[in-house]
Amino acid sequence: MTTIDLSPLWISLKVSAVATLITCFVGTAAAYGLLGYQGKWRSLLDAVFISPLVLPPTVVGFVLLQFFGQNGWAGKLLQSLNVELIFTWYAGAIAATVITFPLMYRTALGAFEQIDSNLLHAARTLGASELRIFWQVSLPLALPGILAGVTLTFTRGLGEFGATLMLAGNIPGETETIPLAIYSAVEAGATDQAWFWSVIILSISLSAIATINLLLTPHRTSHPTPHTLHPAPRRYPTSETQPFLRVDIQKHLPYFSLQLAFHTDRYPLGILGASGAGKSLLLRCIAGIETPDQGCIVLNGRVLFDSQLGINLPSRDRRIGVIFQHYALFPHLTVAQNVAFGLTQTKKALRQRIEAQLQAVELTGLGDRYPHQLSGGQQQRVALARALICDPDVLLLDEPFSALDTHLRFQMEQELIATLNAYSGTTLFITHNLEEAYRICQTLLILEQGTAIAHADKHTIFEHPNRVSIAKLTGCKNFSRAKAHAPVNGVQQIDAINWNCTLHVTEPMPSHLAQVGIRAHHIQFVDSPPVSSNLNTFSCWVAAISETPHRMTVFLKLQSVPLHARDYHLQAEVYKEKWETLKSRPFPWYVHFNPQQLMLLEA
């Protein structure tokens, strides 16, 4: 039996290992660097980095030979140093490095791009430097992708043929790798040797891929969810002066402009607006995640941003706590590590502070768990604890309850109210839920297409909105075009054109009256038909009804019988107990509009 020379195996392993080691570091660094670079040369750099992947290996080998050969720039330099490179295994390692670099680079770039950008923003708002973010957030989260890239690089390096042959030659015992040994065996007619080396390289490659897949498969264990308790509110250190935030900024995007000027104190400010109104963009500007085009942001006398003075503090220096919509917890860190991410203290002091913070949000004993092992409500508490443990001057909450079910949402809302009552800083709270904003916040800021259309006490905004858009955002469902009459003996009247009736009103008449509105629960059902002294009372018929667990929505047409279910003027809401006594009445029914509850609105 012919003895097979195993030197191609050792040479291949040596060449591929060196190439993998180099490309792991250089490829990862190139990927991370290009990820944060958005300049005009980005596309060109990306094309250069992946070119060895699309060019024939012999072309790459020829270019390397011209560069490292005796007439090349690098070749002449090596000759001056008495270093021989061409036709050595080192040349094979260089060829494998260049050929495999695109695999490492593209795989690492994809891994970094898959990281939720909110995790990086959260780390910055917690005071982390860019270097720390790389080592503690970006690299650990991208590590599975990087390890996959290492595996692909190693296996591709084992199989490199064309560039290696061009640069290192095929010298038995010195530069002959497994692919070259297969080539030589086929040329010599030694089919058994070709099969032997083919099986070897296939076994190594498949074993490497299987091992990395095994290592990267998550092994998660489920833990019972403890009963949810109501935490005792914790009082955080207060300032000598009343906290305040002043914002006066402009930011112009291709299809949107944010132009806002407002100030707020320690009482929670609710920010309402339709999708795309600029709510989240406002918070990102305050947090330093986005940079306004001009204006200023001042927090407790500290200038966070001023375009005229050239001041733009990075997120890590703003002392701002942010709770993102989906919490942005670091998935590779435990609960305790998440909470402590923004702290730099001794281990003993750190442990005590973490335990106190977890106790404050009723997460005692859960510090060693990971975010995926927690319920949605527990994850929200971790995000709140992480934001508050650094004693931020302002707390920004971007729809923190959107991922929770109805029951848990209400429960977490009550806990947040207790926490904010004890928090001494400024709070901005974004939500689409107007009832949620009403319960949590004292003051409301309503945005429409990037501008503030209302900023006042919540009672004023809900009870006396002055514009149709504000009334809609605060839940009003009934509107009619309106035309004012000239006052008679001090009595104000308007024609509700869409409702086909004339109404007595008491609110001050706006200069540009456009519509009249009334909330569905303000419509009153009365027993008696209208008489001359009973203003704003009209006959009505039911066109359709809609049922919820506790209320009935009744669609009414005034003063005439509806022709079909969509032929109605108004929606009225009544509790089911009231509906049980109402539904058996013969038609017509009668409704009354309290003049003090009619809203006179501008467009």
# chains A, B, ... in the order shown; residues from 1 in each chain; ligands from 1
>>> closest_atom_pairs(of="range 120-207 of chain A", to="range 323-346 of chain A", cutoff="7 Å", atoms="only C-alpha atoms", output="JSON lines")
{"residue": "A:Ala122", "atom": "CA", "partner": "A:Ala328", "partner_atom": "CA", "distance": 6.7}
{"residue": "A:Leu126", "atom": "CA", "partner": "A:Gly342", "partner_atom": "CA", "distance": 4.7}
{"residue": "A:Gly127", "atom": "CA", "partner": "A:Gly342", "partner_atom": "CA", "distance": 5.8}
{"residue": "A:Ala128", "atom": "CA", "partner": "A:Gly342", "partner_atom": "CA", "distance": 6.8}
{"residue": "A:Leu141", "atom": "CA", "partner": "A:His332", "partner_atom": "CA", "distance": 6.9}
>>> select_by_dssp(residues="range 135-165 of chain A", states="alpha helix (DSSP H)", output="list in words")
Leu139, Pro140, Leu141, Ala142, Leu143, Pro144, Gly145, Ile146, Leu147, Ala148, Gly149, Val150, Thr151, Leu152, Thr153, Phe154, Thr155, Arg156, Gly157, Leu158, Gly162, Ala163, Thr164 and Leu165 of chain A
>>> closest_residue(among="A:Ser80, A:Gln597, A:Ser129, A:Ser280", to="Cys476 in chain A", atoms="only C-alpha atoms")
A:Gln597
>>> select_by_dssp(residues="range 335-412 of chain A", states="strand (DSSP E or B)", output="PyMOL selection string")
chain A and resi 394-398
>>> write_last_selection(atoms="C-alpha atoms", output="PDB file, in the first residue's frame")
ATOM      1  CA  VAL A 394     -35.035  64.330  32.274  1.00  0.00           C
ATOM      2  CA  LEU A 395     -36.892  61.095  31.536  1.00  0.00           C
ATOM      3  CA  LEU A 396     -38.114  60.442  27.979  1.00  0.00           C
ATOM      4  CA  LEU A 397     -40.729  57.728  27.458  1.00  0.00           C
ATOM      5  CA  ASP A 398     -41.592  56.746  23.887  1.00  0.00           C
TER       6      ASP A 398
END
>>> closest_residue(among="A:Thr125, A:Ile94, A:Thr443, A:Ser375", to="Leu21 in chain A", atoms="only C-alpha atoms")
A:Ile94
>>> residues_around(residues="Val137 in chain A", least_positions_apart="2", cutoff="9 Å", atoms="only C-alpha atoms", output="short mmCIF file (atom, residue, chain, number, x, y, z; two decimals) with all heavy atoms, in the first residue's frame")
data_model
loop_
_atom_site.label_atom_id
_atom_site.label_comp_id
_atom_site.auth_asym_id
_atom_site.auth_seq_id
_atom_site.Cartn_x
_atom_site.Cartn_y
_atom_site.Cartn_z
N LEU A 119 -30.56 49.92 20.67
CA LEU A 119 -29.66 49.43 21.70
C LEU A 119 -28.43 50.33 21.80
O LEU A 119 -27.95 50.63 22.91
CB LEU A 119 -29.24 47.99 21.40
CG LEU A 119 -30.34 46.93 21.39
CD1 LEU A 119 -29.78 45.59 20.97
CD2 LEU A 119 -31.00 46.83 22.76
N LEU A 120 -27.92 50.75 20.66
CA LEU A 120 -26.75 51.64 20.67
C LEU A 120 -27.13 53.02 21.19
O LEU A 120 -26.37 53.63 21.95
CB LEU A 120 -26.19 51.75 19.24
CG LEU A 120 -25.91 50.41 18.52
CD1 LEU A 120 -25.30 50.66 17.16
CD2 LEU A 120 -24.99 49.54 19.36
N ALA A 123 -27.39 52.80 24.93
CA ALA A 123 -26.07 52.78 25.56
C ALA A 123 -25.47 54.18 25.63
O ALA A 123 -24.86 54.56 26.64
CB ALA A 123 -25.14 51.84 24.80
N ARG A 132 -16.54 51.72 24.47
CA ARG A 132 -17.23 50.80 25.36
C ARG A 132 -18.44 50.18 24.69
O ARG A 132 -18.74 49.00 24.90
CB ARG A 132 -17.65 51.55 26.63
CG ARG A 132 -18.28 50.64 27.68
CD ARG A 132 -18.75 51.42 28.87
NE ARG A 132 -19.49 50.55 29.79
CZ ARG A 132 -20.35 50.98 30.68
NH1 ARG A 132 -20.58 52.28 30.81
NH2 ARG A 132 -20.99 50.14 31.46
N ILE A 133 -19.14 50.95 23.89
CA ILE A 133 -20.30 50.42 23.16
C ILE A 133 -19.86 49.30 22.23
O ILE A 133 -20.54 48.27 22.12
CB ILE A 133 -21.00 51.55 22.38
CG1 ILE A 133 -21.69 52.51 23.34
CG2 ILE A 133 -22.02 50.98 21.39
CD1 ILE A 133 -22.25 53.75 22.68
N PHE A 134 -18.69 49.48 21.59
CA PHE A 134 -18.21 48.43 20.68
C PHE A 134 -17.93 47.14 21.45
O PHE A 134 -18.38 46.07 21.06
CB PHE A 134 -16.95 48.89 19.95
CG PHE A 134 -16.30 47.79 19.15
CD1 PHE A 134 -16.84 47.39 17.94
CD2 PHE A 134 -15.16 47.14 19.63
CE1 PHE A 134 -16.25 46.36 17.21
CE2 PHE A 134 -14.57 46.12 18.91
CZ PHE A 134 -15.12 45.73 17.70
N TRP A 135 -17.20 47.25 22.57
CA TRP A 135 -16.77 46.05 23.28
C TRP A 135 -17.91 45.39 24.06
O TRP A 135 -17.97 44.15 24.16
CB TRP A 135 -15.63 46.38 24.25
CG TRP A 135 -14.32 46.57 23.55
CD1 TRP A 135 -13.62 47.73 23.41
CD2 TRP A 135 -13.55 45.56 22.89
NE1 TRP A 135 -12.47 47.51 22.69
CE2 TRP A 135 -12.39 46.19 22.36
CE3 TRP A 135 -13.72 44.19 22.69
CZ2 TRP A 135 -11.42 45.49 21.66
CZ3 TRP A 135 -12.74 43.49 21.99
CH2 TRP A 135 -11.61 44.13 21.48
N LEU A 139 -19.99 44.28 19.68
CA LEU A 139 -19.23 43.04 19.44
C LEU A 139 -19.92 41.81 20.01
O LEU A 139 -20.06 40.80 19.30
CB LEU A 139 -17.81 43.19 20.01
CG LEU A 139 -16.87 42.00 19.73
CD1 LEU A 139 -16.71 41.79 18.23
CD2 LEU A 139 -15.52 42.21 20.39
N PRO A 140 -20.41 41.82 21.27
CA PRO A 140 -21.10 40.62 21.76
C PRO A 140 -22.34 40.26 20.94
O PRO A 140 -22.61 39.08 20.71
CB PRO A 140 -21.48 41.01 23.20
CG PRO A 140 -20.50 42.05 23.59
CD PRO A 140 -20.25 42.83 22.35
N LEU A 141 -23.10 41.28 20.50
CA LEU A 141 -24.32 40.98 19.75
C LEU A 141 -23.99 40.50 18.33
O LEU A 141 -24.74 39.72 17.74
CB LEU A 141 -25.21 42.22 19.69
CG LEU A 141 -25.83 42.64 21.03
CD1 LEU A 141 -26.65 43.91 20.86
CD2 LEU A 141 -26.70 41.52 21.60
N ALA A 142 -22.88 40.98 17.77
CA ALA A 142 -22.49 40.56 16.42
C ALA A 142 -21.66 39.30 16.42
O ALA A 142 -21.35 38.76 15.35
CB ALA A 142 -21.73 41.69 15.73
N PHE A 330 -30.42 45.16 26.55
CA PHE A 330 -29.33 44.43 25.92
C PHE A 330 -29.57 42.93 26.12
O PHE A 330 -29.50 42.44 27.25
CB PHE A 330 -27.99 44.84 26.55
CG PHE A 330 -27.77 46.34 26.54
CD1 PHE A 330 -27.56 47.04 27.71
CD2 PHE A 330 -27.80 47.04 25.34
CE1 PHE A 330 -27.36 48.41 27.70
CE2 PHE A 330 -27.60 48.41 25.32
CZ PHE A 330 -27.39 49.10 26.49
N HIS A 332 -27.91 40.26 25.58
CA HIS A 332 -26.80 39.40 26.01
C HIS A 332 -26.38 39.67 27.45
O HIS A 332 -25.50 38.99 27.97
CB HIS A 332 -25.60 39.61 25.09
CG HIS A 332 -25.06 41.01 25.11
ND1 HIS A 332 -25.81 42.09 24.67
CD2 HIS A 332 -23.88 41.51 25.53
CE1 HIS A 332 -25.09 43.19 24.80
NE2 HIS A 332 -23.92 42.87 25.33
#
>>> residues_around(residues="Ser205 in chain A", least_positions_apart="6", cutoff="9 Å", atoms="only C-alpha atoms", output="ChimeraX atom specification")
/A:151-152,154-156,158
>>> write_last_selection(atoms="all heavy atoms", output="PDB file, in the first residue's frame")
ATOM      1  N   THR A 151     -15.786  30.810  10.357  1.00  0.00           N
ATOM      2  CA  THR A 151     -15.933  29.456   9.826  1.00  0.00           C
ATOM      3  C   THR A 151     -15.881  29.447   8.300  1.00  0.00           C
ATOM      4  O   THR A 151     -15.186  28.622   7.693  1.00  0.00           O
ATOM      5  CB  THR A 151     -17.260  28.849  10.298  1.00  0.00           C
ATOM      6  OG1 THR A 151     -17.333  28.913  11.717  1.00  0.00           O
ATOM      7  CG2 THR A 151     -17.390  27.409   9.859  1.00  0.00           C
ATOM      8  N   LEU A 152     -16.616  30.368   7.690  1.00  0.00           N
ATOM      9  CA  LEU A 152     -16.601  30.448   6.226  1.00  0.00           C
ATOM     10  C   LEU A 152     -15.203  30.785   5.714  1.00  0.00           C
ATOM     11  O   LEU A 152     -14.743  30.239   4.695  1.00  0.00           O
ATOM     12  CB  LEU A 152     -17.600  31.508   5.755  1.00  0.00           C
ATOM     13  CG  LEU A 152     -19.079  31.196   5.955  1.00  0.00           C
ATOM     14  CD1 LEU A 152     -19.935  32.406   5.594  1.00  0.00           C
ATOM     15  CD2 LEU A 152     -19.491  29.989   5.129  1.00  0.00           C
ATOM     16  N   PHE A 154     -12.307  30.126   7.183  1.00  0.00           N
ATOM     17  CA  PHE A 154     -11.408  28.985   7.362  1.00  0.00           C
ATOM     18  C   PHE A 154     -11.642  27.922   6.289  1.00  0.00           C
ATOM     19  O   PHE A 154     -10.693  27.412   5.674  1.00  0.00           O
ATOM     20  CB  PHE A 154     -11.603  28.391   8.748  1.00  0.00           C
ATOM     21  CG  PHE A 154     -10.717  27.215   9.044  1.00  0.00           C
ATOM     22  CD1 PHE A 154      -9.378  27.406   9.334  1.00  0.00           C
ATOM     23  CD2 PHE A 154     -11.212  25.925   9.019  1.00  0.00           C
ATOM     24  CE1 PHE A 154      -8.538  26.321   9.594  1.00  0.00           C
ATOM     25  CE2 PHE A 154     -10.392  24.840   9.282  1.00  0.00           C
ATOM     26  CZ  PHE A 154      -9.052  25.030   9.575  1.00  0.00           C
ATOM     27  N   THR A 155     -12.901  27.585   6.057  1.00  0.00           N
ATOM     28  CA  THR A 155     -13.189  26.550   5.067  1.00  0.00           C
ATOM     29  C   THR A 155     -12.857  27.015   3.654  1.00  0.00           C
ATOM     30  O   THR A 155     -12.383  26.231   2.829  1.00  0.00           O
ATOM     31  CB  THR A 155     -14.663  26.126   5.148  1.00  0.00           C
ATOM     32  OG1 THR A 155     -15.496  27.287   5.001  1.00  0.00           O
ATOM     33  CG2 THR A 155     -14.975  25.492   6.491  1.00  0.00           C
ATOM     34  N   ARG A 156     -13.108  28.300   3.376  1.00  0.00           N
ATOM     35  CA  ARG A 156     -12.735  28.820   2.040  1.00  0.00           C
ATOM     36  C   ARG A 156     -11.219  28.851   1.875  1.00  0.00           C
ATOM     37  O   ARG A 156     -10.687  28.575   0.793  1.00  0.00           O
ATOM     38  CB  ARG A 156     -13.305  30.220   1.852  1.00  0.00           C
ATOM     39  CG  ARG A 156     -12.961  30.861   0.519  1.00  0.00           C
ATOM     40  CD  ARG A 156     -13.593  30.102  -0.639  1.00  0.00           C
ATOM     41  NE  ARG A 156     -13.209  30.666  -1.931  1.00  0.00           N
ATOM     42  CZ  ARG A 156     -12.124  30.310  -2.619  1.00  0.00           C
ATOM     43  NH1 ARG A 156     -11.312  29.375  -2.119  1.00  0.00           N
ATOM     44  NH2 ARG A 156     -11.845  30.843  -3.784  1.00  0.00           N
ATOM     45  N   LEU A 158      -9.122  26.754   3.158  1.00  0.00           N
ATOM     46  CA  LEU A 158      -8.680  25.387   2.887  1.00  0.00           C
ATOM     47  C   LEU A 158      -8.798  25.046   1.403  1.00  0.00           C
ATOM     48  O   LEU A 158      -7.982  24.304   0.858  1.00  0.00           O
ATOM     49  CB  LEU A 158      -9.520  24.386   3.696  1.00  0.00           C
ATOM     50  CG  LEU A 158      -9.240  24.263   5.195  1.00  0.00           C
ATOM     51  CD1 LEU A 158     -10.250  23.306   5.811  1.00  0.00           C
ATOM     52  CD2 LEU A 158      -7.824  23.766   5.440  1.00  0.00           C
TER      53      LEU A 158
END
>>> residues_around(residues="range 489-496 of chain A", least_positions_apart="5", cutoff="10 Å", atoms="only C-alpha atoms", output="number ranges by chain")
A: 479-484, 501-509, 513, 515-517, 595, 600
>>> write_last_selection(atoms="N, CA and C atoms", output="mmCIF file, in the first residue's frame")
data_model
loop_
_atom_site.group_PDB
_atom_site.id
_atom_site.type_symbol
_atom_site.label_atom_id
_atom_site.label_comp_id
_atom_site.auth_asym_id
_atom_site.auth_seq_id
_atom_site.Cartn_x
_atom_site.Cartn_y
_atom_site.Cartn_z
ATOM 1 N N PHE A 479 -68.846 65.847 14.493
ATOM 2 C CA PHE A 479 -68.526 67.173 13.960
ATOM 3 C C PHE A 479 -69.543 67.557 12.895
ATOM 4 N N SER A 480 -69.786 68.848 12.820
ATOM 5 C CA SER A 480 -70.661 69.371 11.762
ATOM 6 C C SER A 480 -70.116 70.729 11.322
ATOM 7 N N ARG A 481 -70.199 70.999 10.040
ATOM 8 C CA ARG A 481 -69.886 72.351 9.569
ATOM 9 C C ARG A 481 -70.846 73.331 10.243
ATOM 10 N N ALA A 482 -70.338 74.489 10.593
ATOM 11 C CA ALA A 482 -71.136 75.425 11.396
ATOM 12 C C ALA A 482 -71.099 76.821 10.785
ATOM 13 N N LYS A 483 -72.218 77.530 10.970
ATOM 14 C CA LYS A 483 -72.323 78.920 10.515
ATOM 15 C C LYS A 483 -72.966 79.735 11.633
ATOM 16 N N ALA A 484 -72.311 80.836 12.020
ATOM 17 C CA ALA A 484 -72.793 81.636 13.154
ATOM 18 C C ALA A 484 -73.917 82.572 12.741
ATOM 19 N N CYS A 501 -79.694 71.292 12.061
ATOM 20 C CA CYS A 501 -80.366 71.877 13.216
ATOM 21 C C CYS A 501 -79.679 73.193 13.596
ATOM 22 N N THR A 502 -80.380 73.983 14.414
ATOM 23 C CA THR A 502 -79.831 75.236 14.948
ATOM 24 C C THR A 502 -79.584 75.052 16.435
ATOM 25 N N LEU A 503 -78.413 75.499 16.895
ATOM 26 C CA LEU A 503 -77.986 75.243 18.267
ATOM 27 C C LEU A 503 -77.740 76.546 19.013
ATOM 28 N N HIS A 504 -78.143 76.552 20.274
ATOM 29 C CA HIS A 504 -77.795 77.636 21.193
ATOM 30 C C HIS A 504 -76.448 77.292 21.812
ATOM 31 N N VAL A 505 -75.480 78.240 21.795
ATOM 32 C CA VAL A 505 -74.133 77.994 22.301
ATOM 33 C C VAL A 505 -73.752 79.080 23.299
ATOM 34 N N THR A 506 -72.822 78.746 24.189
ATOM 35 C CA THR A 506 -72.397 79.699 25.211
ATOM 36 C C THR A 506 -70.902 80.009 25.140
ATOM 37 N N GLU A 507 -70.124 79.172 24.459
ATOM 38 C CA GLU A 507 -68.685 79.446 24.342
ATOM 39 C C GLU A 507 -68.456 80.709 23.526
ATOM 40 N N PRO A 508 -67.346 81.428 23.779
ATOM 41 C CA PRO A 508 -67.022 82.589 22.945
ATOM 42 C C PRO A 508 -66.896 82.186 21.478
ATOM 43 N N MET A 509 -67.480 82.988 20.617
ATOM 44 C CA MET A 509 -67.493 82.662 19.195
ATOM 45 C C MET A 509 -66.101 82.916 18.604
ATOM 46 N N LEU A 513 -65.017 80.565 12.728
ATOM 47 C CA LEU A 513 -65.753 79.346 13.066
ATOM 48 C C LEU A 513 -65.823 78.433 11.842
ATOM 49 N N GLN A 515 -66.377 74.519 12.481
ATOM 50 C CA GLN A 515 -67.204 73.361 12.816
ATOM 51 C C GLN A 515 -67.644 73.443 14.275
ATOM 52 N N VAL A 516 -68.687 72.679 14.591
ATOM 53 C CA VAL A 516 -69.127 72.485 15.949
ATOM 54 C C VAL A 516 -68.974 71.004 16.255
ATOM 55 N N GLY A 517 -68.583 70.692 17.494
ATOM 56 C CA GLY A 517 -68.397 69.299 17.876
ATOM 57 C C GLY A 517 -68.994 69.015 19.226
ATOM 58 N N PRO A 595 -75.406 73.323 26.024
ATOM 59 C CA PRO A 595 -74.657 74.379 25.331
ATOM 60 C C PRO A 595 -73.215 74.501 25.820
ATOM 61 N N LEU A 600 -66.882 74.936 19.840
ATOM 62 C CA LEU A 600 -66.822 75.772 18.646
ATOM 63 C C LEU A 600 -65.385 75.778 18.146
#
>>> atom_distance(atom1="CA of Phe525 in chain A", atom2="CA of Glu436 in chain A")
28.2 Å
>>> atom_distance(atom1="CA of Ala520 in chain A", atom2="CA of Lys557 in chain A")
13.7 Å
>>> residues_around(residues="Ile320 in chain A", least_positions_apart="5", cutoff="10 Å", atoms="only C-alpha atoms", output="JSON, numbers by chain")
{"A": [124, 125, 126, 127, 286, 287, 288, 299, 315, 387, 388, 390, 391, 392, 393, 394, 395, 396, 425, 426]}
>>> residues_around(residues="Ala93 in chain A", least_positions_apart="2", cutoff="9 Å", atoms="only C-alpha atoms", output="number ranges by chain")
A: 14-19, 89-91, 95-98, 157, 164, 168
>>> write_last_selection(atoms="N, CA, C and O atoms", output="PDB file, in the first residue's frame")
ATOM      1  N   LYS A  14      -2.189  25.244   8.213  1.00  0.00           N
ATOM      2  CA  LYS A  14      -1.364  26.389   8.605  1.00  0.00           C
ATOM      3  C   LYS A  14      -1.736  27.636   7.803  1.00  0.00           C
ATOM      4  O   LYS A  14      -1.928  28.724   8.365  1.00  0.00           O
ATOM      5  N   VAL A  15      -1.849  27.476   6.500  1.00  0.00           N
ATOM      6  CA  VAL A  15      -2.192  28.610   5.630  1.00  0.00           C
ATOM      7  C   VAL A  15      -3.580  29.156   5.964  1.00  0.00           C
ATOM      8  O   VAL A  15      -3.787  30.375   6.102  1.00  0.00           O
ATOM      9  N   SER A  16      -4.557  28.253   6.110  1.00  0.00           N
ATOM     10  CA  SER A  16      -5.932  28.685   6.375  1.00  0.00           C
ATOM     11  C   SER A  16      -6.061  29.321   7.750  1.00  0.00           C
ATOM     12  O   SER A  16      -6.791  30.308   7.924  1.00  0.00           O
ATOM     13  N   ALA A  17      -5.339  28.803   8.750  1.00  0.00           N
ATOM     14  CA  ALA A  17      -5.413  29.368  10.098  1.00  0.00           C
ATOM     15  C   ALA A  17      -4.843  30.784  10.133  1.00  0.00           C
ATOM     16  O   ALA A  17      -5.438  31.688  10.743  1.00  0.00           O
ATOM     17  N   VAL A  18      -3.717  30.995   9.471  1.00  0.00           N
ATOM     18  CA  VAL A  18      -3.119  32.329   9.440  1.00  0.00           C
ATOM     19  C   VAL A  18      -4.039  33.300   8.712  1.00  0.00           C
ATOM     20  O   VAL A  18      -4.275  34.430   9.158  1.00  0.00           O
ATOM     21  N   ALA A  19      -4.571  32.858   7.551  1.00  0.00           N
ATOM     22  CA  ALA A  19      -5.481  33.720   6.784  1.00  0.00           C
ATOM     23  C   ALA A  19      -6.726  34.059   7.600  1.00  0.00           C
ATOM     24  O   ALA A  19      -7.196  35.205   7.607  1.00  0.00           O
ATOM     25  N   TRP A  89       5.184  29.158   1.809  1.00  0.00           N
ATOM     26  CA  TRP A  89       3.830  28.989   2.346  1.00  0.00           C
ATOM     27  C   TRP A  89       3.255  30.329   2.840  1.00  0.00           C
ATOM     28  O   TRP A  89       2.039  30.495   2.918  1.00  0.00           O
ATOM     29  N   TYR A  90       4.151  31.275   3.142  1.00  0.00           N
ATOM     30  CA  TYR A  90       3.682  32.609   3.522  1.00  0.00           C
ATOM     31  C   TYR A  90       2.901  33.257   2.376  1.00  0.00           C
ATOM     32  O   TYR A  90       1.899  33.950   2.595  1.00  0.00           O
ATOM     33  N   ALA A  91       3.397  33.044   1.146  1.00  0.00           N
ATOM     34  CA  ALA A  91       2.691  33.573  -0.019  1.00  0.00           C
ATOM     35  C   ALA A  91       1.301  32.935  -0.138  1.00  0.00           C
ATOM     36  O   ALA A  91       0.321  33.588  -0.497  1.00  0.00           O
ATOM     37  N   ALA A  95      -2.279  34.880  -0.195  1.00  0.00           N
ATOM     38  CA  ALA A  95      -3.301  34.635  -1.221  1.00  0.00           C
ATOM     39  C   ALA A  95      -4.627  34.238  -0.580  1.00  0.00           C
ATOM     40  O   ALA A  95      -5.698  34.743  -0.956  1.00  0.00           O
ATOM     41  N   ALA A  96      -4.582  33.355   0.413  1.00  0.00           N
ATOM     42  CA  ALA A  96      -5.817  32.923   1.085  1.00  0.00           C
ATOM     43  C   ALA A  96      -6.455  34.077   1.853  1.00  0.00           C
ATOM     44  O   ALA A  96      -7.686  34.200   1.909  1.00  0.00           O
ATOM     45  N   THR A  97      -5.616  34.952   2.422  1.00  0.00           N
ATOM     46  CA  THR A  97      -6.147  36.105   3.156  1.00  0.00           C
ATOM     47  C   THR A  97      -6.936  37.021   2.232  1.00  0.00           C
ATOM     48  O   THR A  97      -8.054  37.456   2.563  1.00  0.00           O
ATOM     49  N   VAL A  98      -6.377  37.331   1.093  1.00  0.00           N
ATOM     50  CA  VAL A  98      -7.041  38.239   0.159  1.00  0.00           C
ATOM     51  C   VAL A  98      -8.323  37.614  -0.392  1.00  0.00           C
ATOM     52  O   VAL A  98      -9.364  38.283  -0.495  1.00  0.00           O
ATOM     53  N   GLY A 157     -10.501  29.166   2.962  1.00  0.00           N
ATOM     54  CA  GLY A 157      -9.042  29.165   2.901  1.00  0.00           C
ATOM     55  C   GLY A 157      -8.486  27.785   2.626  1.00  0.00           C
ATOM     56  O   GLY A 157      -7.471  27.641   1.919  1.00  0.00           O
ATOM     57  N   THR A 164      -3.354  30.814  -4.907  1.00  0.00           N
ATOM     58  CA  THR A 164      -2.231  30.146  -4.232  1.00  0.00           C
ATOM     59  C   THR A 164      -1.246  29.592  -5.250  1.00  0.00           C
ATOM     60  O   THR A 164      -0.016  29.726  -5.100  1.00  0.00           O
ATOM     61  N   ALA A 168       2.248  31.125  -4.793  1.00  0.00           N
ATOM     62  CA  ALA A 168       3.102  30.239  -4.000  1.00  0.00           C
ATOM     63  C   ALA A 168       3.612  29.032  -4.769  1.00  0.00           C
ATOM     64  O   ALA A 168       4.530  28.342  -4.315  1.00  0.00           O
TER      65      ALA A 168
END
